[in-house]
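Chemist: Input: one structure, supplied below.
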2 protein chains.
Amino acid sequence: MSWVEDAAGSAYDLDNLPYGVFSIDDSARRVGVRIGDFVLDASAAAALGGDPGNGPDLATAWGRPTLNDFMALGHDAWQVARAWLVEVLGAEVHRDRVEPLLVPLSEVTLHQPFEVADYVDFYCCLQHATNVGRIFRPDGEALLPNWRHLPVGYHGRAGTVVVSGTDVRRPRGQRLPAGSSAQVRPSPELGPTRRLDIEAELAFVVGAPTPLGTQVPTSAFAEHVFGVTPLNDWSARDIQAWEYVPLGPFLGKSFATSISAWVTPLEALEHARVALPGQDPPPLPHLQVEEPAGFDVDFEVELNGEVVSRPPYAAMYWSPAQMLAHLTSNGASLRTGDLYASGTISGDDRDQRGSFLELSWGGRDPFGSSDRTFLEDGDTVTLRATAPGALGGRIALGDVTGTVLPSCST
Amino acid sequence: MSWVEDAAGSAYDLDNLPYGVFSIDDSARRVGVRIGDFVLDASAAAALGGDPGNGPDLATAWGRPTLNDFMALGHDAWQVARAWLVEVLGAEVHRDRVEPLLVPLSEVTLHQPFEVADYVDFYCCLQHATNVGRIFRPDGEALLPNWRHLPVGYHGRAGTVVVSGTDVRRPRGQRLPAGSSAQVRPSPELGPTRRLDIEAELAFVVGAPTPLGTQVPTSAFAEHVFGVTPLNDWSARDIQAWEYVPLGPFLGKSFATSISAWVTPLEALEHARVALPGQDPPPLPHLQVEEPAGFDVDFEVELNGEVVSRPPYAAMYWSPAQMLAHLTSNGASLRTGDLYASGTISGDDRDQRGSFLELSWGGRDPFGSSDRTFLEDGDTVTLRATAPGALGGRIALGDVTGTVLPSCST
């Protein structure tokens, strides 16, 4: 447990230690590590001289304005860094020198923690895919034929990934007039989306890159993935429904995707590993994975302060190691900063669904104390997530929050 | 016309002047300008002192290892730079000082000219979309309902965009066994694609960025787009056919996308502007465009030295100004280095089709002197493109070439 004030036993004790990027007033952006309600100025701490002599140059990597250089150092350096942080924040002997480098969270500005290289969004939840299939194709098979054979995914817009706290302006776009159908000579119109939604997801951040032509086996997942962040894949359902055939979602998603200001290292989730719920049929050999391959991360979706859903990540059909193996099975290279997300997390029960589309069953069944179907201007959505930590309690993943602004008139 | 040896009257005269990035032996990468069969060492030329005094710092921007910093200077700087290049490469008075800074093309190594931010691939050709619809859905409507209302597009993988000359390894992936169908309890297998294809496209490179929440009207196209490059959207049709529902192409495309080593400035295409072939129904107001909005760029697809197709870009239904207005209609931001491509270019005639899928009509009708349907290992495909220039001849866009390597066994 940490000597830092009120950190011991909290959701941000030594078994968590997420990384972010912060500044104070007009100071330069640099890497910080959250402990309790403080941010450790990591490069300044490393520069004190306690930095492991023959190890990676953490003082330099942590002095950068993004996590990318640190993440690019690779798995061994991440382990060295974490062990060093546990030592300096855990052993009283370091307190006098390190305590001056702790800044109260309330005094810092948090920034986007890393520069996103490519962003991929998967569709890994059986319950979500089934719900969406039933809502949109009530007379057909809920699941498409490929779904149980590979983690379906697509590329999203890396340039519009924003950090938690960034307001989200209601997007305009082409959509069919309410009540009309695309079947009979459609007449789309341009206007603000009427079906603004969220998707509660868990996302994975690649640290160690690979050259073109390399496949990453499921067993090498932890060599390449640095950490995780909750992710809100804001979605405009009416724009998406009109545009998405045959090449997939585009403007219905690309206006904003929110991530946390904190990236939780994968090592902090070792105690959260759980077996997958089961895969039938068994995947092809290159997608088979050693159990436990899942993660017991519990989400809460909060709408204007009210918890409206509790999606369980442990229910996900496809694991992140399988997503990465699939993504690279054609030899696609990885870059530091690649971000891939699980897709909406939904459990078996209504109050475990991770999108408003499912919570309101396509807009037909309002939910929550405000009888909501889709998002209204001024709404604030916050995703919270926790997981079992190594010290017996639960660690918190960084919140992801955003408030909906009205559409611009022009 | 240029004083540079053999440049006058060539396809790389003063009315062209594409930008690339080069090195000599182990020297640092820097920006070069192609003139005839030479590369001008642009930063060294700008540093001679002929650089416009109160203008942009071209010597610095051109000294970088990518075009991104130069492109980020914006439209006015691009015009100043081009006028300056025309002056120093056109007026004999500069010859003595500038000629030593010309390097024969055969002595340089060309590199990827810019760092790709986000990559979007559109689907803007009526003939191509109709052909694909007829091949895959022979009993249905060839065009989907949204096609004439918006330029359909999707995000591709920016990290696997490679420069012309890069070999392309045949990707492995999940596909259905030959002859089977997804309808009856599918049993996919993993293996090298059997239907490796090309797509001949024209791509547009964004120089001037926009903040999140900004829409770029069609009239502002030239303010933001720096230049163009031919693009080969290598495609694995069997992988794509199995994976693409419902979220679009992913691994069937993400293994490699080739661009030219040369980015032709948009200004060089002013004499290539032509009216669009016509849009019915008229697009919504935000997608309407002032004519001439098309470009008269003629492509050749060369397979192992034989021209197998001549796709005419002038036939494209949607213009690049409309693609950009659509892409930003939801407020998505632009970054310097954003790349967006037209989609396959196909004309009305068989020998104008820009993909092997269409040339062989789904693999049923072999074409060319080698009776080809899809690509074989060892095949080399080169895209060439030319357009009317300002000096009365035709300017050449940089070639895009790549050779297919066999799949890795592991």
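Numbering starts fresh at 1 for the residues of each chain in the structure tokens, the chains themselves are lettered A, B, ... in the order given, and ligands are numbered from 1 as they appear.
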Counting only C-alpha atoms, which residues from chain B have an atom at most 8 Å from any atom of chain A, and could you show them as a ChimeraX atom specification?
Modeler: /B:117-118,144-146,149,152-160,169,171-173,182-183,185-186,188-190,212-213,242-251,254-256,284,327,329-335
Chemist: Show me a table, sorted first by chain and then by increasing residue number, of the residues of region 123-231 of chain A having an atom at most 6 Å from region 66-79 of chain A, each with its shortest atom pair and the distance in Å to one decimal, counting only C-alpha atoms and written as a tab-separated table.
Modeler:
```
residue	atom	partner	partner_atom	distance
A:Gly207	CA	A:Met71	CA	4.4
A:Ala208	CA	A:Gly74	CA	5.2
A:Glu223	CA	A:His75	CA	5.5
```
Chemist: Next, the residues of the selection above should be written as a PDB file, in the first residue's frame with all heavy atoms.
Modeler:
```
ATOM      1  N   GLY A 207       1.382  -0.510 -27.540  1.00  0.00           N
ATOM      2  CA  GLY A 207       2.644   0.168 -27.273  1.00  0.00           C
ATOM      3  C   GLY A 207       3.731  -0.265 -28.227  1.00  0.00           C
ATOM      4  O   GLY A 207       4.360   0.555 -28.897  1.00  0.00           O
ATOM      5  N   ALA A 208       3.963  -1.584 -28.313  1.00  0.00           N
ATOM      6  CA  ALA A 208       5.088  -2.106 -29.098  1.00  0.00           C
ATOM      7  C   ALA A 208       4.636  -2.392 -30.527  1.00  0.00           C
ATOM      8  O   ALA A 208       3.725  -3.188 -30.744  1.00  0.00           O
ATOM      9  CB  ALA A 208       5.628  -3.377 -28.447  1.00  0.00           C
ATOM     10  N   GLU A 223       2.699  -8.603 -24.924  1.00  0.00           N
ATOM     11  CA  GLU A 223       3.950  -8.008 -25.408  1.00  0.00           C
ATOM     12  C   GLU A 223       3.689  -6.705 -26.165  1.00  0.00           C
ATOM     13  O   GLU A 223       4.574  -5.867 -26.286  1.00  0.00           O
ATOM     14  CB  GLU A 223       4.664  -8.981 -26.366  1.00  0.00           C
ATOM     15  CG  GLU A 223       5.101 -10.277 -25.741  1.00  0.00           C
ATOM     16  CD  GLU A 223       6.247 -10.058 -24.769  1.00  0.00           C
ATOM     17  OE1 GLU A 223       7.184  -9.314 -25.106  1.00  0.00           O
ATOM     18  OE2 GLU A 223       6.173 -10.631 -23.658  1.00  0.00           O
TER      19      GLU A 223
END
```
Chemist: Grab the CA of Arg134 (chain B) to CA of Thr380 (chain B) distance for me, in Å with one decimal place.
Modeler: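 About the pair CA of Arg134 (chain B) and CA of Thr380 (chain B): they are 28.2 Å apart.
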Chemist: Using DSSP on the backbone coordinates, identify all residues within region 212-404 of chain B classified as strand (DSSP E or B); present the result as number ranges by chain.
Modeler: B: 225-232, 235-236, 257-259, 263-265, 273-274, 294-295, 298-303, 306-309, 312, 334, 339-341, 367, 372, 380-388, 394-404
Chemist: Could you tell me how far CA of Val86 (chain B) sits from CA of Ala11 (chain B), in Å to one decimal place?
Modeler: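 Result for CA of Ala11 (chain B) versus CA of Val86 (chain B): 15.1 Å, one decimal.
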Chemist: Between CA of Ile395 (chain A) and CA of Asp348 (chain A), what is the spacing in Å?
Modeler: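 Going from CA of Asp348 (chain A) over to CA of Ile395 (chain A) covers 24.3 Å.
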Chemist: Hey, what's within 9 Å of Glu5 (chain B) if we count only C-alpha atoms and toss same-chain stuff fewer than 5 positions away? As a PyMOL selection string, please?
Modeler: chain B and resi 36-38
Chemist: Between B:Trp3, B:Trp62, B:Phe367, B:Trp318, which residue has the minimum interatomic distance to Ala341 (chain B), considering only C-alpha atoms?
Modeler: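 Of B:Trp3, B:Trp62, B:Phe367, B:Trp318, the one nearest Ala341 (chain B), counting only C-alpha atoms, is B:Trp318.
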Chemist: Using only C-alpha atoms, determine which residues lie at most 9 Å from region 17-29 of chain B, disregarding the query and same-chain residues fewer than 2 positions distant; provide the list as a PyMOL selection string.
Modeler: chain B and resi 12-15+31-35+39+41+63-67+82+85-86+103+107-114+227+260-265+268+397-398
Chemist: What residues in region 156-326 of chain A get the DSSP label helix (DSSP H, G or I)? Please answer as a compact mmCIF listing (two decimals) with N, CA and C atoms, in the first residue's frame.
Modeler:
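Everything below was put into result-v7.txt:
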```
# COMPACT_ATOMS: atom_id res chain seq x y z
N ALA A 158 -9.23 8.20 -36.38
CA ALA A 158 -8.28 8.43 -35.28
C ALA A 158 -8.24 9.91 -34.89
N GLY A 159 -8.44 10.80 -35.87
CA GLY A 159 -8.29 12.23 -35.63
C GLY A 159 -9.38 12.85 -34.78
N THR A 160 -10.47 12.12 -34.54
CA THR A 160 -11.55 12.68 -33.73
C THR A 160 -11.73 11.90 -32.42
N THR A 218 -2.07 -14.84 -30.52
CA THR A 218 -2.81 -14.46 -29.31
C THR A 218 -1.90 -14.50 -28.08
N SER A 219 -0.89 -15.37 -28.10
CA SER A 219 0.01 -15.48 -26.94
C SER A 219 0.89 -14.26 -26.76
N ALA A 220 1.01 -13.41 -27.77
CA ALA A 220 1.89 -12.23 -27.68
C ALA A 220 1.13 -10.95 -27.34
N PHE A 221 -0.15 -11.10 -26.99
CA PHE A 221 -0.99 -9.95 -26.67
C PHE A 221 -0.32 -8.99 -25.70
N ALA A 222 0.17 -9.53 -24.57
CA ALA A 222 0.71 -8.65 -23.52
C ALA A 222 2.06 -8.06 -23.89
N GLU A 223 2.70 -8.60 -24.92
CA GLU A 223 3.95 -8.01 -25.41
C GLU A 223 3.69 -6.71 -26.16
N HIS A 224 2.49 -6.58 -26.71
CA HIS A 224 2.20 -5.44 -27.59
C HIS A 224 1.23 -4.43 -26.99
N ARG A 237 -27.47 7.32 -34.75
CA ARG A 237 -28.07 6.10 -35.32
C ARG A 237 -28.79 6.34 -36.64
N ASP A 238 -29.41 7.52 -36.80
CA ASP A 238 -30.15 7.77 -38.04
C ASP A 238 -29.18 8.02 -39.20
N ILE A 239 -28.10 8.73 -38.93
CA ILE A 239 -27.07 8.94 -39.97
C ILE A 239 -26.45 7.60 -40.34
N GLN A 240 -26.12 6.81 -39.33
CA GLN A 240 -25.50 5.50 -39.54
C GLN A 240 -26.40 4.57 -40.34
N ALA A 241 -27.70 4.56 -40.03
CA ALA A 241 -28.62 3.63 -40.69
C ALA A 241 -28.72 3.93 -42.19
N TRP A 242 -28.62 5.21 -42.54
CA TRP A 242 -28.75 5.61 -43.95
C TRP A 242 -27.46 5.39 -44.73
N GLU A 243 -26.32 5.61 -44.09
CA GLU A 243 -25.05 5.62 -44.82
C GLU A 243 -24.37 4.26 -44.91
N LEU A 266 -1.82 -2.82 -18.55
CA LEU A 266 -2.38 -4.18 -18.61
C LEU A 266 -2.00 -4.97 -17.35
N GLU A 267 -0.79 -4.71 -16.84
CA GLU A 267 -0.35 -5.44 -15.64
C GLU A 267 -1.30 -5.24 -14.47
N ALA A 268 -1.95 -4.08 -14.41
CA ALA A 268 -2.86 -3.81 -13.30
C ALA A 268 -4.12 -4.67 -13.39
N LEU A 269 -4.35 -5.28 -14.54
CA LEU A 269 -5.55 -6.10 -14.74
C LEU A 269 -5.27 -7.59 -14.61
N GLU A 270 -4.08 -7.96 -14.18
CA GLU A 270 -3.76 -9.39 -14.08
C GLU A 270 -4.73 -10.12 -13.14
N HIS A 271 -5.14 -9.44 -12.07
CA HIS A 271 -6.07 -10.08 -11.12
C HIS A 271 -7.51 -10.03 -11.60
N ALA A 272 -7.74 -9.38 -12.72
CA ALA A 272 -9.10 -9.29 -13.27
C ALA A 272 -9.33 -10.32 -14.37
N PRO A 285 -7.50 -22.18 -35.58
CA PRO A 285 -6.32 -22.25 -34.69
C PRO A 285 -5.66 -20.90 -34.40
N HIS A 286 -5.56 -20.03 -35.40
CA HIS A 286 -4.83 -18.77 -35.15
C HIS A 286 -5.62 -17.84 -34.21
N LEU A 287 -6.88 -18.14 -33.94
CA LEU A 287 -7.67 -17.32 -33.02
C LEU A 287 -7.91 -18.03 -31.69
N TYR A 313 -18.07 -6.36 -18.69
CA TYR A 313 -17.13 -6.71 -19.76
C TYR A 313 -16.83 -8.21 -19.76
N ALA A 314 -16.96 -8.87 -18.62
CA ALA A 314 -16.65 -10.31 -18.53
C ALA A 314 -17.55 -11.14 -19.45
N ALA A 315 -18.67 -10.58 -19.89
CA ALA A 315 -19.60 -11.32 -20.76
C ALA A 315 -19.16 -11.34 -22.22
N PRO A 320 -9.56 -9.62 -26.17
CA PRO A 320 -8.69 -8.65 -26.83
C PRO A 320 -7.48 -9.30 -27.51
N ALA A 321 -7.00 -10.43 -26.98
CA ALA A 321 -5.89 -11.13 -27.65
C ALA A 321 -6.36 -11.65 -29.02
N GLN A 322 -7.59 -12.08 -29.10
CA GLN A 322 -8.13 -12.55 -30.37
C GLN A 322 -8.36 -11.40 -31.35
N MET A 323 -8.83 -10.27 -30.81
CA MET A 323 -8.99 -9.10 -31.69
C MET A 323 -7.66 -8.73 -32.34
N LEU A 324 -6.58 -8.74 -31.53
CA LEU A 324 -5.28 -8.32 -32.04
C LEU A 324 -4.74 -9.35 -33.05
N ALA A 325 -4.94 -10.63 -32.76
CA ALA A 325 -4.49 -11.66 -33.69
C ALA A 325 -5.26 -11.56 -35.01
N HIS A 326 -6.55 -11.28 -34.92
CA HIS A 326 -7.33 -11.13 -36.15
C HIS A 326 -6.87 -9.90 -36.93
```
Chemist: From the options B:Val88, B:Pro217, B:Gly347, B:Val161, which residue's atoms come nearest to Leu101 (chain B), counting only C-alpha atoms?
Modeler: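 Of the candidates, the smallest distance to Leu101 (chain B) is held by B:Val88.
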Chemist: Skip Ala46 (chain B) itself and residues of its chain fewer than 4 positions away, then list as a VMD selection string all residues within 10 Å of it, counting only C-alpha atoms.
Modeler: chain B and resid 41 to 42 50 to 52 57 to 63 81 84 to 85 88 98
Chemist: For each of B:Gly165, B:Val274, B:Asp197, B:Leu48, take the minimum atom-to-atom distance to Pro388 (chain B), counting only C-alpha atoms, then give the residue where this is smallest.
Modeler: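 That would be B:Val274, the residue with the smallest distance to Pro388 (chain B).
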Chemist: Which residues are near Gly354 (chain B)? Cut-off 6 Å, only C-alpha atoms, ignore same chain within fewer than 5 positions. Put them as a VMD selection string.
Modeler: chain B and resid 199 to 200 311 344 to 346
Chemist: Tell me, as a list in words, which residues lie within 12 Å of Gly305 (chain A), counting only C-alpha atoms; anything in the same chain fewer than 3 positions away does not count.
Modeler: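 The residues satisfying every condition are Glu300, Val301, Glu302, Val308, Ser309, Gly368, Ser369, Ser370, Asp379, Thr380, Val381, Thr382, Leu383, Arg384, Thr401 and Thr403 of chain A.
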